[in-house]
>>> print(open('upload-v4.txt').read())   # compact mmCIF, C-alpha atoms
# COMPACT_ATOMS: atom_id res chain seq x y z
CA MET G 234 -16.22 -3.12 -15.44
CA THR G 235 -17.58 -2.31 -12.03
CA THR G 236 -20.76 -0.62 -13.10
CA ASP G 237 -22.19 -3.06 -15.59
CA ALA G 238 -25.05 -5.05 -14.24
CA SER G 239 -24.24 -8.68 -14.80
CA THR G 240 -27.44 -9.10 -16.73
CA ARG G 241 -26.70 -6.43 -19.33
CA VAL G 242 -23.53 -7.42 -21.10
CA ASP G 243 -23.03 -7.49 -24.86
CA PRO G 244 -20.88 -10.59 -25.43
CA ASP G 245 -19.60 -9.36 -28.78
CA ARG G 246 -18.35 -6.06 -27.38
CA ARG G 247 -16.84 -7.87 -24.46
CA THR G 248 -15.09 -10.33 -26.81
CA LEU G 249 -13.60 -7.39 -28.71
CA LEU G 250 -12.57 -5.59 -25.53
CA SER G 251 -11.02 -8.76 -24.14
CA GLY G 252 -9.04 -9.42 -27.32
CA ILE G 253 -7.78 -5.87 -27.73
CA LEU G 254 -6.75 -5.55 -24.06
CA PHE G 255 -5.05 -8.93 -24.13
CA GLY G 256 -3.33 -8.15 -27.46
CA CYS G 257 -2.01 -4.78 -26.29
CA GLY G 258 -1.07 -6.32 -22.95
CA ILE G 259 0.96 -9.24 -24.30
CA ALA G 260 2.66 -6.99 -26.85
CA ALA G 261 3.74 -4.67 -24.05
CA SER G 262 4.57 -7.21 -21.37
CA LEU G 263 5.24 -10.72 -22.64
CA ILE G 264 6.45 -10.24 -26.23
CA ASP G 265 8.82 -7.45 -25.23
CA LEU G 266 10.10 -9.36 -22.21
CA PHE G 267 10.60 -12.75 -23.84
CA VAL G 268 11.60 -11.81 -27.38
CA PHE G 269 13.62 -8.63 -27.03
CA HIS G 270 14.91 -8.77 -23.45
CA LEU G 271 15.52 -12.47 -22.90
CA ALA G 272 15.86 -14.16 -26.31
CA LEU G 273 17.52 -11.56 -28.53
CA GLN G 274 18.87 -9.37 -25.70
CA TRP G 275 18.65 -6.39 -27.99
CA HIS G 276 17.45 -4.10 -25.30
CA HIS G 277 17.66 -4.41 -21.60
CA PHE G 278 15.21 -3.59 -18.87
CA TYR G 279 16.79 -0.19 -18.53
CA ASP G 280 19.41 1.45 -20.76
CA LEU G 281 20.59 4.09 -18.22
CA SER G 282 20.11 6.90 -20.72
CA SER G 283 16.41 7.61 -20.36
CA THR G 284 15.07 10.85 -18.96
CA ALA G 285 13.04 10.90 -15.74
CA VAL G 286 9.89 11.50 -17.79
CA ALA G 287 10.63 8.45 -19.94
CA ILE G 288 11.26 6.20 -16.94
CA THR G 289 8.07 7.39 -15.31
CA ALA G 290 6.03 6.84 -18.46
CA ASP G 291 7.61 3.42 -18.91
CA GLY G 292 6.76 2.47 -15.32
CA PHE G 293 3.10 3.25 -15.89
CA PHE G 294 3.03 1.48 -19.28
CA HIS G 295 4.56 -1.53 -17.61
CA ALA G 296 1.95 -1.59 -14.83
CA VAL G 297 -0.98 -1.01 -17.19
CA ALA G 298 0.35 -3.68 -19.57
CA TRP G 299 0.23 -6.39 -16.92
CA PHE G 300 -3.13 -5.22 -15.69
CA ILE G 301 -4.81 -5.30 -19.11
CA THR G 302 -3.21 -8.66 -19.99
CA VAL G 303 -4.87 -10.24 -16.97
CA ALA G 304 -8.07 -8.21 -17.36
CA GLY G 305 -8.37 -9.34 -20.99
CA LEU G 306 -8.22 -12.98 -19.91
CA PHE G 307 -10.81 -12.51 -17.17
CA LEU G 308 -13.13 -10.78 -19.66
CA LEU G 309 -12.65 -13.74 -22.01
CA ALA G 310 -13.53 -16.12 -19.18
CA ASP G 311 -16.59 -13.98 -18.51
CA VAL G 312 -17.74 -14.17 -22.15
CA ARG G 313 -17.12 -17.90 -22.05
CA ARG G 314 -19.42 -18.47 -19.09
CA ARG G 315 -22.18 -16.45 -20.81
CA VAL G 316 -22.11 -17.60 -24.43
CA GLU G 317 -19.93 -19.67 -26.71
CA VAL G 318 -16.84 -17.64 -27.55
CA HIS G 319 -16.56 -16.46 -31.15
CA TRP G 320 -12.88 -17.44 -31.27
CA ALA G 321 -12.08 -16.07 -34.73
CA ARG G 322 -13.35 -12.68 -33.65
CA TRP G 323 -11.38 -12.81 -30.42
CA VAL G 324 -8.19 -13.73 -32.29
CA ALA G 325 -8.84 -10.86 -34.72
CA ALA G 326 -9.12 -8.50 -31.76
CA VAL G 327 -5.89 -9.86 -30.25
CA VAL G 328 -4.01 -9.34 -33.55
CA THR G 329 -5.40 -5.80 -33.75
CA GLY G 330 -4.29 -5.15 -30.19
CA VAL G 331 -0.76 -6.46 -30.80
CA GLY G 332 -0.42 -4.39 -33.98
CA ALA G 333 -1.80 -1.26 -32.36
CA PHE G 334 0.52 -1.51 -29.39
CA GLN G 335 3.62 -2.32 -31.44
CA LEU G 336 2.89 0.68 -33.65
CA PHE G 337 2.45 2.87 -30.57
CA ASP G 338 5.64 1.42 -29.06
CA GLY G 339 7.62 2.00 -32.26
CA VAL G 340 6.47 5.57 -32.78
CA VAL G 341 5.76 7.01 -29.31
CA ASP G 342 8.02 4.99 -26.99
CA HIS G 343 11.05 4.59 -29.23
CA LYS G 344 10.97 7.79 -31.24
CA LEU G 345 8.98 10.47 -29.41
CA LEU G 346 9.67 9.63 -25.76
CA GLY G 347 12.95 7.80 -26.32
CA ILE G 348 12.26 5.34 -23.51
CA HIS G 349 14.57 2.87 -25.16
CA GLN G 350 15.72 1.91 -28.63
CA ILE G 351 15.20 -1.41 -30.38
CA ARG G 352 18.86 -2.30 -30.45
CA TYR G 353 22.07 -0.61 -29.46
CA GLY G 354 25.28 -0.05 -31.38
CA VAL G 355 23.66 -0.38 -34.80
CA ASP G 356 22.16 1.91 -37.41
CA LEU G 357 18.62 2.24 -36.10
CA LEU G 358 16.84 3.31 -39.28
CA PRO G 359 16.26 -0.17 -40.76
CA TYR G 360 15.17 -1.49 -37.37
CA ASP G 361 12.72 1.35 -36.91
CA LEU G 362 11.38 0.93 -40.44
CA VAL G 363 10.90 -2.82 -40.00
CA TRP G 364 9.34 -2.36 -36.55
CA ILE G 365 6.91 0.35 -37.58
CA GLY G 366 6.18 -1.24 -40.97
CA SER G 367 5.54 -4.69 -39.52
CA SER G 368 3.31 -3.33 -36.77
CA ALA G 369 1.29 -1.42 -39.34
CA VAL G 370 0.89 -4.68 -41.30
CA VAL G 371 -0.17 -6.61 -38.17
CA LEU G 372 -2.63 -3.85 -37.28
CA ALA G 373 -4.06 -3.88 -40.82
CA VAL G 374 -4.39 -7.68 -40.77
CA GLY G 375 -6.18 -7.43 -37.43
CA LEU G 376 -8.60 -4.82 -38.72
CA VAL G 377 -9.36 -6.88 -41.85
CA LEU G 378 -9.95 -9.96 -39.69
CA LEU G 379 -12.25 -7.94 -37.45
CA ARG G 380 -14.25 -6.82 -40.47
CA ARG G 381 -14.48 -10.31 -41.87
CA THR G 382 -15.53 -11.91 -38.61
CA ARG G 383 -18.22 -9.28 -38.24
CA ARG G 384 -19.56 -9.90 -41.75
CA ARG G 385 -19.64 -13.62 -41.21
CA ARG G 386 -21.49 -13.21 -37.98
CA ASP G 387 -24.06 -10.85 -39.49
CA ALA G 388 -24.65 -13.19 -42.41
CA ARG G 389 -25.93 -15.85 -40.12
CA MET J 1200 19.82 -6.98 14.12
CA SER J 1201 23.10 -8.75 14.53
CA HIS J 1202 25.86 -6.93 12.77
CA GLU J 1203 28.96 -5.12 13.87
CA HIS J 1204 27.09 -2.08 15.23
CA GLY J 1205 24.40 -4.11 16.93
CA ALA J 1206 26.45 -5.14 19.97
CA ALA J 1207 24.71 -2.61 22.21
CA VAL J 1208 21.39 -4.36 21.82
CA GLY J 1209 22.94 -7.72 22.50
CA PRO J 1210 23.64 -10.15 19.71
CA GLY J 1211 20.58 -11.77 18.28
CA LEU J 1212 18.04 -10.20 20.64
CA VAL J 1213 15.85 -8.87 17.83
CA GLU J 1214 16.20 -12.16 15.97
CA LEU J 1215 15.05 -14.04 19.05
CA LEU J 1216 12.03 -11.76 19.41
CA VAL J 1217 11.14 -12.20 15.72
CA ALA J 1218 11.53 -15.96 15.95
CA ALA J 1219 9.36 -16.07 19.06
CA GLY J 1220 6.73 -13.90 17.39
CA VAL J 1221 6.64 -16.05 14.26
CA LEU J 1222 6.41 -19.21 16.34
CA ALA J 1223 3.60 -17.74 18.44
CA ALA J 1224 1.73 -16.71 15.29
CA ALA J 1225 2.02 -20.25 13.92
CA VAL J 1226 1.01 -21.96 17.16
CA GLY J 1227 -1.84 -19.53 17.82
CA TYR J 1228 -3.23 -20.00 14.33
CA LEU J 1229 -3.04 -23.79 14.49
CA ARG J 1230 -4.70 -23.84 17.92
CA ALA J 1231 -7.49 -21.59 16.64
CA VAL J 1232 -8.03 -23.88 13.65
CA ARG J 1233 -8.20 -26.90 15.96
CA SER J 1234 -10.54 -25.31 18.47
CA THR J 1235 -13.08 -24.31 15.79
CA ARG J 1236 -12.83 -27.46 13.73
CA GLU J 1237 -16.04 -28.97 15.11
CA ARG J 1238 -18.09 -25.88 14.27
CA ALA J 1239 -16.93 -25.38 10.69
CA ALA J 1240 -14.18 -26.75 8.49
CA TRP J 1241 -11.23 -24.44 7.89
CA PRO J 1242 -9.71 -24.73 4.39
CA VAL J 1243 -6.27 -26.36 4.47
CA ARG J 1244 -4.97 -23.92 1.83
CA ARG J 1245 -5.50 -21.06 4.29
CA THR J 1246 -3.44 -22.79 6.96
CA LEU J 1247 -0.72 -23.58 4.44
CA SER J 1248 -0.78 -20.02 3.18
CA TRP J 1249 -0.43 -18.62 6.71
CA LEU J 1250 2.50 -20.89 7.51
CA ALA J 1251 4.19 -20.07 4.17
CA GLY J 1252 3.75 -16.37 4.91
CA LEU J 1253 5.35 -16.79 8.33
CA GLY J 1254 8.16 -18.69 6.62
CA CYS J 1255 8.76 -15.75 4.26
CA VAL J 1256 8.83 -13.27 7.13
CA ALA J 1257 11.18 -15.48 9.16
CA ALA J 1258 13.52 -16.00 6.18
CA ALA J 1259 13.68 -12.23 5.64
CA LEU J 1260 14.47 -11.37 9.26
CA VAL J 1261 16.31 -14.35 10.75
CA GLY J 1262 18.94 -16.66 9.32
CA PRO J 1263 21.38 -16.64 6.41
CA LEU J 1264 19.45 -14.32 4.04
CA ALA J 1265 18.93 -11.75 6.79
CA ALA J 1266 22.62 -11.97 7.71
CA ALA J 1267 23.71 -11.58 4.07
CA ALA J 1268 21.39 -8.57 3.67
CA HIS J 1269 23.66 -6.48 5.90
CA ALA J 1270 26.47 -6.62 3.38
CA SER J 1271 24.72 -7.36 0.09
CA PHE J 1272 22.08 -5.15 -1.50
CA THR J 1273 20.95 -8.09 -3.63
CA ALA J 1274 20.20 -10.15 -0.51
CA HIS J 1275 18.56 -7.08 1.01
CA ALA J 1276 16.26 -6.72 -2.04
CA ALA J 1277 15.33 -10.42 -1.92
CA ALA J 1278 14.60 -10.16 1.82
CA HIS J 1279 12.41 -7.12 1.21
CA VAL J 1280 10.37 -8.88 -1.47
CA LEU J 1281 9.76 -11.67 1.07
CA LEU J 1282 9.04 -9.33 3.98
CA GLY J 1283 7.00 -6.65 2.25
CA MET J 1284 5.31 -8.45 -0.66
CA LEU J 1285 5.23 -12.25 -0.75
CA GLY J 1286 5.04 -12.80 3.03
CA PRO J 1287 2.16 -10.34 3.51
CA LEU J 1288 0.31 -11.81 0.52
CA MET J 1289 0.50 -15.35 1.92
CA LEU J 1290 -0.49 -14.13 5.41
CA VAL J 1291 -3.47 -12.15 4.04
CA LEU J 1292 -4.66 -15.27 2.17
CA GLY J 1293 -4.52 -17.11 5.51
CA ALA J 1294 -7.52 -14.98 6.63
CA PRO J 1295 -6.28 -14.54 10.21
CA VAL J 1296 -9.03 -12.09 11.20
CA THR J 1297 -11.80 -14.44 10.06
CA LEU J 1298 -10.19 -17.22 12.05
CA ALA J 1299 -9.76 -15.01 15.12
CA LEU J 1300 -13.39 -13.89 15.00
CA ARG J 1301 -14.41 -17.56 15.01
CA ALA J 1302 -12.04 -18.72 17.69
CA LEU J 1303 -12.15 -15.86 20.17
CA PRO J 1304 -14.67 -15.79 23.01
CA LEU J 1305 -17.69 -13.63 22.17
CA GLU J 1306 -16.64 -10.56 24.15
CA ARG J 1307 -13.18 -10.44 22.66
CA ALA J 1308 -14.47 -11.16 19.17
CA ARG J 1309 -16.81 -8.17 19.57
CA LEU J 1310 -13.88 -6.04 20.69
CA LEU J 1311 -11.86 -7.11 17.64
CA SER J 1312 -14.82 -6.35 15.41
CA ARG J 1313 -15.12 -2.87 16.97
CA VAL J 1314 -11.43 -2.24 16.40
CA LEU J 1315 -11.77 -3.26 12.75
CA ARG J 1316 -14.64 -0.79 12.35
CA SER J 1317 -12.75 2.04 14.04
CA PRO J 1318 -11.96 5.18 12.04
CA VAL J 1319 -8.21 4.58 12.38
CA VAL J 1320 -8.36 1.12 10.80
CA ARG J 1321 -10.74 2.46 8.19
CA VAL J 1322 -8.28 5.20 7.21
CA VAL J 1323 -5.03 3.21 7.22
CA GLY J 1324 -6.84 0.30 5.59
CA HIS J 1325 -7.94 2.42 2.65
CA PRO J 1326 -6.04 1.40 -0.51
CA VAL J 1327 -4.85 4.95 -1.21
CA VAL J 1328 -3.47 5.40 2.32
CA ALA J 1329 -2.03 1.90 2.52
CA GLY J 1330 -0.50 2.30 -0.93
CA ALA J 1331 1.03 5.65 0.02
CA LEU J 1332 2.45 4.18 3.25
CA ASN J 1333 3.89 1.26 1.29
CA ALA J 1334 5.35 3.06 -1.74
CA GLY J 1335 6.20 6.19 0.26
CA GLY J 1336 8.13 4.13 2.77
CA LEU J 1337 10.16 2.52 0.00
CA TRP J 1338 11.01 5.85 -1.64
CA LEU J 1339 12.00 7.32 1.71
CA LEU J 1340 14.16 4.32 2.53
CA TYR J 1341 16.09 4.25 -0.73
CA ARG J 1342 16.10 7.89 -1.82
CA SER J 1343 17.09 9.47 1.50
CA ASP J 1344 19.83 8.76 4.04
CA LEU J 1345 17.57 6.31 5.80
CA PHE J 1346 19.19 3.30 4.12
CA ALA J 1347 22.64 4.23 5.45
CA LEU J 1348 21.17 5.23 8.82
CA MET J 1349 19.42 1.89 9.09
CA HIS J 1350 22.68 0.00 8.82
CA GLU J 1351 24.24 2.05 11.61
CA HIS J 1352 21.43 2.03 14.16
CA PRO J 1353 19.72 -1.25 15.04
CA PRO J 1354 16.54 0.45 16.33
CA VAL J 1355 16.15 2.22 12.96
CA HIS J 1356 16.80 -1.10 11.25
CA ALA J 1357 14.05 -2.76 13.29
CA ALA J 1358 11.62 0.14 12.69
CA VAL J 1359 12.21 0.09 8.92
CA HIS J 1360 11.56 -3.63 8.75
CA ALA J 1361 8.45 -3.35 10.91
CA HIS J 1362 7.19 -0.62 8.58
CA VAL J 1363 7.95 -2.60 5.41
CA PHE J 1364 6.07 -5.59 6.78
CA LEU J 1365 3.07 -3.75 8.23
CA ALA J 1366 2.64 -1.46 5.21
CA GLY J 1367 2.93 -4.49 2.92
CA TYR J 1368 0.27 -6.32 4.90
CA LEU J 1369 -2.11 -3.34 5.03
CA PHE J 1370 -1.68 -2.73 1.32
CA THR J 1371 -2.24 -6.36 0.34
CA ALA J 1372 -5.24 -6.69 2.66
CA ALA J 1373 -6.77 -3.49 1.27
CA LEU J 1374 -6.46 -4.78 -2.29
CA VAL J 1375 -7.16 -8.51 -2.18
CA GLY J 1376 -7.96 -9.28 1.47
CA VAL J 1377 -10.25 -12.22 2.17
CA ASP J 1378 -11.00 -11.11 5.73
CA PRO J 1379 -14.20 -9.15 6.36
CA GLN J 1380 -13.75 -5.47 5.49
CA PRO J 1381 -16.63 -3.23 6.51
CA HIS J 1382 -15.49 -0.45 4.19
CA ARG J 1383 -13.84 -2.16 1.25
CA ALA J 1384 -12.98 0.26 -1.54
CA SER J 1385 -14.47 -0.19 -4.99
CA LEU J 1386 -12.76 -2.34 -7.59
CA ARG J 1387 -11.97 0.77 -9.61
CA VAL J 1388 -10.14 2.45 -6.72
CA ARG J 1389 -8.26 -0.73 -5.89
CA SER J 1390 -7.27 -1.23 -9.55
CA VAL J 1391 -5.96 2.31 -9.92
CA VAL J 1392 -3.99 2.05 -6.67
CA LEU J 1393 -2.49 -1.28 -7.69
CA VAL J 1394 -1.44 0.00 -11.12
CA ALA J 1395 0.07 3.12 -9.54
CA PHE J 1396 1.94 1.02 -7.00
CA ILE J 1397 3.35 -1.33 -9.64
CA ALA J 1398 4.46 1.67 -11.68
CA LEU J 1399 6.14 3.35 -8.69
CA HIS J 1400 7.80 0.10 -7.67
CA SER J 1401 9.26 -0.44 -11.15
CA ILE J 1402 10.32 3.20 -11.46
CA LEU J 1403 12.11 2.98 -8.12
CA ALA J 1404 13.82 -0.26 -9.18
CA LYS J 1405 15.17 1.47 -12.30
CA GLN J 1406 16.34 4.45 -10.28
CA LEU J 1407 18.17 2.10 -7.92
CA TYR J 1408 19.69 0.40 -10.95
CA ALA J 1409 21.10 3.71 -12.11
CA PHE J 1410 21.86 5.22 -8.70
CA PRO J 1411 22.35 2.61 -5.96
CA PRO J 1412 21.95 3.76 -2.35
CA THR J 1413 25.06 5.17 -0.65
CA GLY J 1414 27.57 2.46 0.15
CA VAL J 1415 26.21 -0.06 -2.37
CA GLY J 1416 28.51 -1.16 -5.21
CA SER J 1417 27.26 -0.66 -8.74
CA ILE J 1418 27.06 -4.38 -9.70
CA ASP J 1419 25.39 -5.27 -6.40
CA GLY J 1420 23.01 -2.35 -6.89
CA GLN J 1421 22.13 -3.43 -10.42
CA VAL J 1422 21.49 -7.07 -9.51
CA GLY J 1423 19.49 -6.02 -6.43
CA ALA J 1424 17.41 -3.60 -8.50
CA GLN J 1425 16.58 -6.37 -10.95
CA VAL J 1426 15.60 -8.70 -8.10
CA MET J 1427 13.29 -5.94 -6.88
CA TYR J 1428 11.90 -5.41 -10.40
CA TYR J 1429 11.33 -9.00 -11.56
CA ALA J 1430 10.48 -10.68 -8.24
CA GLY J 1431 8.24 -7.70 -7.46
CA ASP J 1432 6.55 -8.22 -10.81
CA VAL J 1433 5.73 -11.84 -10.03
CA VAL J 1434 3.98 -10.82 -6.80
CA ASP J 1435 2.35 -7.82 -8.50
CA VAL J 1436 0.89 -9.94 -11.31
CA THR J 1437 -0.44 -12.36 -8.66
CA LEU J 1438 -2.12 -9.39 -6.96
CA ILE J 1439 -3.71 -8.38 -10.29
CA VAL J 1440 -5.01 -11.92 -10.79
CA LEU J 1441 -6.48 -12.06 -7.27
CA LEU J 1442 -8.04 -8.61 -7.61
CA LEU J 1443 -9.70 -9.42 -10.93
CA ALA J 1444 -10.69 -12.91 -9.74
CA GLY J 1445 -12.75 -11.06 -7.13
CA TRP J 1446 -14.43 -9.11 -9.94
CA TYR J 1447 -15.01 -12.36 -11.85
CA ARG J 1448 -16.69 -14.01 -8.87
CA SER J 1449 -18.80 -11.01 -7.99
CA THR J 1450 -20.18 -10.54 -11.52
CA ARG J 1451 -21.31 -14.10 -12.08
CA PRO J 1452 -24.38 -13.93 -14.31
CA ARG J 1453 -27.50 -14.78 -12.39
CA LEU J 1454 -29.99 -15.27 -15.22
CA ALA J 1455 -30.15 -18.19 -17.57
CA PHE J 1456 -29.92 -15.88 -20.61
CA PRO J 1457 -28.04 -12.79 -19.50
CA VAL J 1458 -28.11 -11.08 -22.87
CA THR J 1459 -29.41 -7.71 -23.97
CA ALA J 1460 -31.88 -7.25 -26.77
CA GLY J 1461 -30.25 -7.18 -30.20
CA THR J 1462 -27.26 -9.23 -29.15
CA HIS J 1463 -26.13 -11.92 -31.49
CA LEU J 1464 -25.99 -15.17 -29.68
CA ARG J 1465 -23.73 -17.89 -30.92
CA PRO J 1466 -24.85 -19.54 -34.18
CA GLU J 1467 -27.33 -22.34 -33.99
CA PRO J 1468 -25.69 -25.71 -34.44
>>> encode(input="upload-v4.txt", output="structure tokens")
Amino acid sequence: MTTDASTRVDPDRRTLLSGILFGCGIAASLIDLFVFHLALQWHHFYDLSSTAVAITADGFFHAVAWFITVAGLFLLADVRRRVEVHWARWVAAVVTGVGAFQLFDGVVDHKLLGIHQIRYGVDLLPYDLVWIGSSAVVLAVGLVLLRRTRRRRDAR
Amino acid sequence: MSHEHGAAVGPGLVELLVAAGVLAAAVGYLRAVRSTRERAAWPVRRTLSWLAGLGCVAAALVGPLAAAAHASFTAHAAAHVLLGMLGPLMLVLGAPVTLALRALPLERARLLSRVLRSPVVRVVGHPVVAGALNAGGLWLLYRSDLFALMHEHPPVHAAVHAHVFLAGYLFTAALVGVDPQPHRASLRVRSVVLVAFIALHSILAKQLYAFPPTGVGSIDGQVGAQVMYYAGDVVDVTLIVLLLAGWYRSTRPRLAFPVTAGTHLRPEP
């Protein structure tokens, strides 16, 4: 972001980057905070059972998540002041980002690192299957949307 | 500050000094704004920001919250967010150095400018150093005996608070300062430092949640840790926004059609 000369920016790549960063960011920061911590209260901000490695990793995920959420929006604003935003393509990138992060969260954070689980005091298998399955679906939908928005744009 | 062990210093002496300092900072700033008003307008938001910052610092060090912080870790955490994060942020946005350079007589303004260019200021004002002072100070305070020591010895208490405030100010100024900085670090360095700081801050909050400092009850420790985590997050996200807003302003496209060859522009209407 620092090195690009302001005159040499590819708006399409920047739209994609913005959407993917914002999608990953909101999945990691806002969706997790509002849906699972505050609304459902399935998992808490810290379950007291994580290892030091897991807490450390989580701390960095947390920081990066907020940073890329905000960075994604500033990139979008940057595209917007250069050209008209191709909104369908941006939304496709956001959906891809959300799906990709949820999949990563479900596999790496929950299962491999064990930072936290989805819910406590229940049989986790169905939760894990639904989480990982639904994120794979969201990711696939995002990728299809990305393909379709690209085709439409090239057809013009 | 005033608690049962502080009798030797005299009740309220430090509070009086803090109150006097805050008052002087407010009066000095307002007088500087007034004396330079004819030459150039000074944005009202900067004045408001400066006064709000002083309010945060005062609330953290003097009055009911400061008094409660001696017994309650939750109040202590809230006071520290005000003293080390929100207060410094508001003060930095008040651009006190810019105002001082305008208001001071030429000789003294030159002296101030020389001080700002000095190697010492350059080193402690670097984001990595300021970030290490800030985060390092917090880890030392909560993960060593310093926290207990602080509540027994008023001078230690005063030194810890001075450090929290000064490190918070240096850190904020290094990242999102609006005052002139002869050696401002690149956006990339500032971004990495900010992300690292947010991570360390949230990791420390979780550690405090699990293992409160000596002498702090477990409920008090857990609530205080969450104050640190969530209130810290609000300030941290504001810092991210300000940092990237600087990037946004500095990369404003200068050409009418800032597009590379082969780029698809939006469809013709």
>>> atom_distance(input="upload-v4.txt", atom1="atom CA of Asp1378 of chain J", atom2="atom CA of His1279 of chain J")
24.2 Å
>>> closest_residue(input="upload-v4.txt", among="J:Ala1384, J:Ala1278, J:Ala1251, J:Ala1409", to="Met1427 of chain J", atoms="all atoms listed in the file")
J:Ala1278
>>> closest_residue(input="upload-v4.txt", among="G:Tyr353, G:Phe294, G:Trp364, G:Phe337", to="chain J", atoms="all atoms listed in the file")
G:Phe294
>>> closest_residue(input="upload-v4.txt", among="G:Leu273, G:Val297, G:Ala321, G:Val242", to="Leu378 of chain G", atoms="all atoms listed in the file")
G:Ala321
>>> residues_around(input="upload-v4.txt", residues="Phe269 of chain G", least_positions_apart="2", cutoff="12 Å", atoms="only C-alpha atoms", output="ChimeraX atom specification")
/G:260-267,271-278,349-353
>>> atom_distance(input="upload-v4.txt", atom1="atom CA of Thr382 of chain G", atom2="atom CA of Leu1443 of chain J")
28.4 Å
>>> closest_residue(input="upload-v4.txt", among="G:Leu346, G:Val331, G:Val371, G:Ala325", to="Ala298 of chain G", atoms="only C-alpha atoms")
G:Val331
>>> atom_distance(input="upload-v4.txt", atom1="atom CA of Trp1338 of chain J", atom2="atom CA of Ala1373 of chain J")
20.3 Å
>>> closest_residue(input="upload-v4.txt", among="J:Cys1255, J:Ala1395, J:Ala1299, J:Leu1215", to="Val1327 of chain J", atoms="all atoms listed in the file")
J:Ala1395
>>> residues_around(input="upload-v4.txt", residues="segment 1385-1389 of chain J", least_positions_apart="5", cutoff="12 Å", atoms="only C-alpha atoms", output="MDAnalysis selection string")
(chainID G and resid 234:236 300) or (chainID J and resid 1324:1330 1370:1376 1380 1394:1396 1438:1439 1441:1447 1449:1450)
>>> residues_around(input="upload-v4.txt", residues="Leu1300 of chain J", least_positions_apart="6", cutoff="8 Å", atoms="all atoms listed in the file", output="JSON, numbers by chain")
{"J": [1308, 1311, 1312]}
>>> residues_near_point(input="upload-v4.txt", point="(2.0, -16.8, -7.0)", cutoff="12 Å", atoms="only C-alpha atoms", output="PyMOL selection string")
chain J and resi 1248+1251+1284-1286+1288-1289+1292+1430-1441
>>> residues_around(input="upload-v4.txt", residues="segment 1223-1231 of chain J", least_positions_apart="2", cutoff="9 Å", atoms="only C-alpha atoms", output="MDAnalysis selection string")
chainID J and resid 1218:1221 1233:1236 1246 1249:1250 1253 1295 1298:1299 1301:1303
>>> closest_residue(input="upload-v4.txt", among="J:Leu1282, J:Leu1260, J:Ala1274, J:Ala1398", to="chain G", atoms="only C-alpha atoms")
J:Ala1398
>>> residues_around(input="upload-v4.txt", residues="Val1426 of chain J", least_positions_apart="5", cutoff="8 Å", atoms="only C-alpha atoms", output="mmCIF file with C-alpha atoms, keeping the file's coordinate frame")
data_model
loop_
_atom_site.group_PDB
_atom_site.id
_atom_site.type_symbol
_atom_site.label_atom_id
_atom_site.label_comp_id
_atom_site.auth_asym_id
_atom_site.auth_seq_id
_atom_site.Cartn_x
_atom_site.Cartn_y
_atom_site.Cartn_z
ATOM 1 C CA THR J 1273 20.950 -8.090 -3.630
ATOM 2 C CA ALA J 1276 16.260 -6.720 -2.040
ATOM 3 C CA ALA J 1277 15.330 -10.420 -1.920
ATOM 4 C CA GLY J 1431 8.240 -7.700 -7.460
#
>>> residues_near_point(input="upload-v4.txt", point="(-8.4, -10.6, -31.0)", cutoff="9 Å", atoms="all atoms listed in the file", output="JSON list (two decimals) with C-alpha atoms, in the coordinates of the input")
[["chain", "number", "residue", "atom", "x", "y", "z"],
["G", 248, "THR", "CA", -15.09, -10.33, -26.81],
["G", 249, "LEU", "CA", -13.60, -7.39, -28.71],
["G", 250, "LEU", "CA", -12.57, -5.59, -25.53],
["G", 251, "SER", "CA", -11.02, -8.76, -24.14],
["G", 252, "GLY", "CA", -9.04, -9.42, -27.32],
["G", 253, "ILE", "CA", -7.78, -5.87, -27.73],
["G", 254, "LEU", "CA", -6.75, -5.55, -24.06],
["G", 255, "PHE", "CA", -5.05, -8.93, -24.13],
["G", 256, "GLY", "CA", -3.33, -8.15, -27.46],
["G", 320, "TRP", "CA", -12.88, -17.44, -31.27],
["G", 321, "ALA", "CA", -12.08, -16.07, -34.73],
["G", 322, "ARG", "CA", -13.35, -12.68, -33.65],
["G", 323, "TRP", "CA", -11.38, -12.81, -30.42],
["G", 324, "VAL", "CA", -8.19, -13.73, -32.29],
["G", 325, "ALA", "CA", -8.84, -10.86, -34.72],
["G", 326, "ALA", "CA", -9.12, -8.50, -31.76],
["G", 327, "VAL", "CA", -5.89, -9.86, -30.25],
["G", 328, "VAL", "CA", -4.01, -9.34, -33.55],
["G", 329, "THR", "CA", -5.40, -5.80, -33.75],
["G", 330, "GLY", "CA", -4.29, -5.15, -30.19],
["G", 331, "VAL", "CA", -0.76, -6.46, -30.80],
["G", 375, "GLY", "CA", -6.18, -7.43, -37.43],
["G", 378, "LEU", "CA", -9.95, -9.96, -39.69],
["G", 379, "LEU", "CA", -12.25, -7.94, -37.45]]
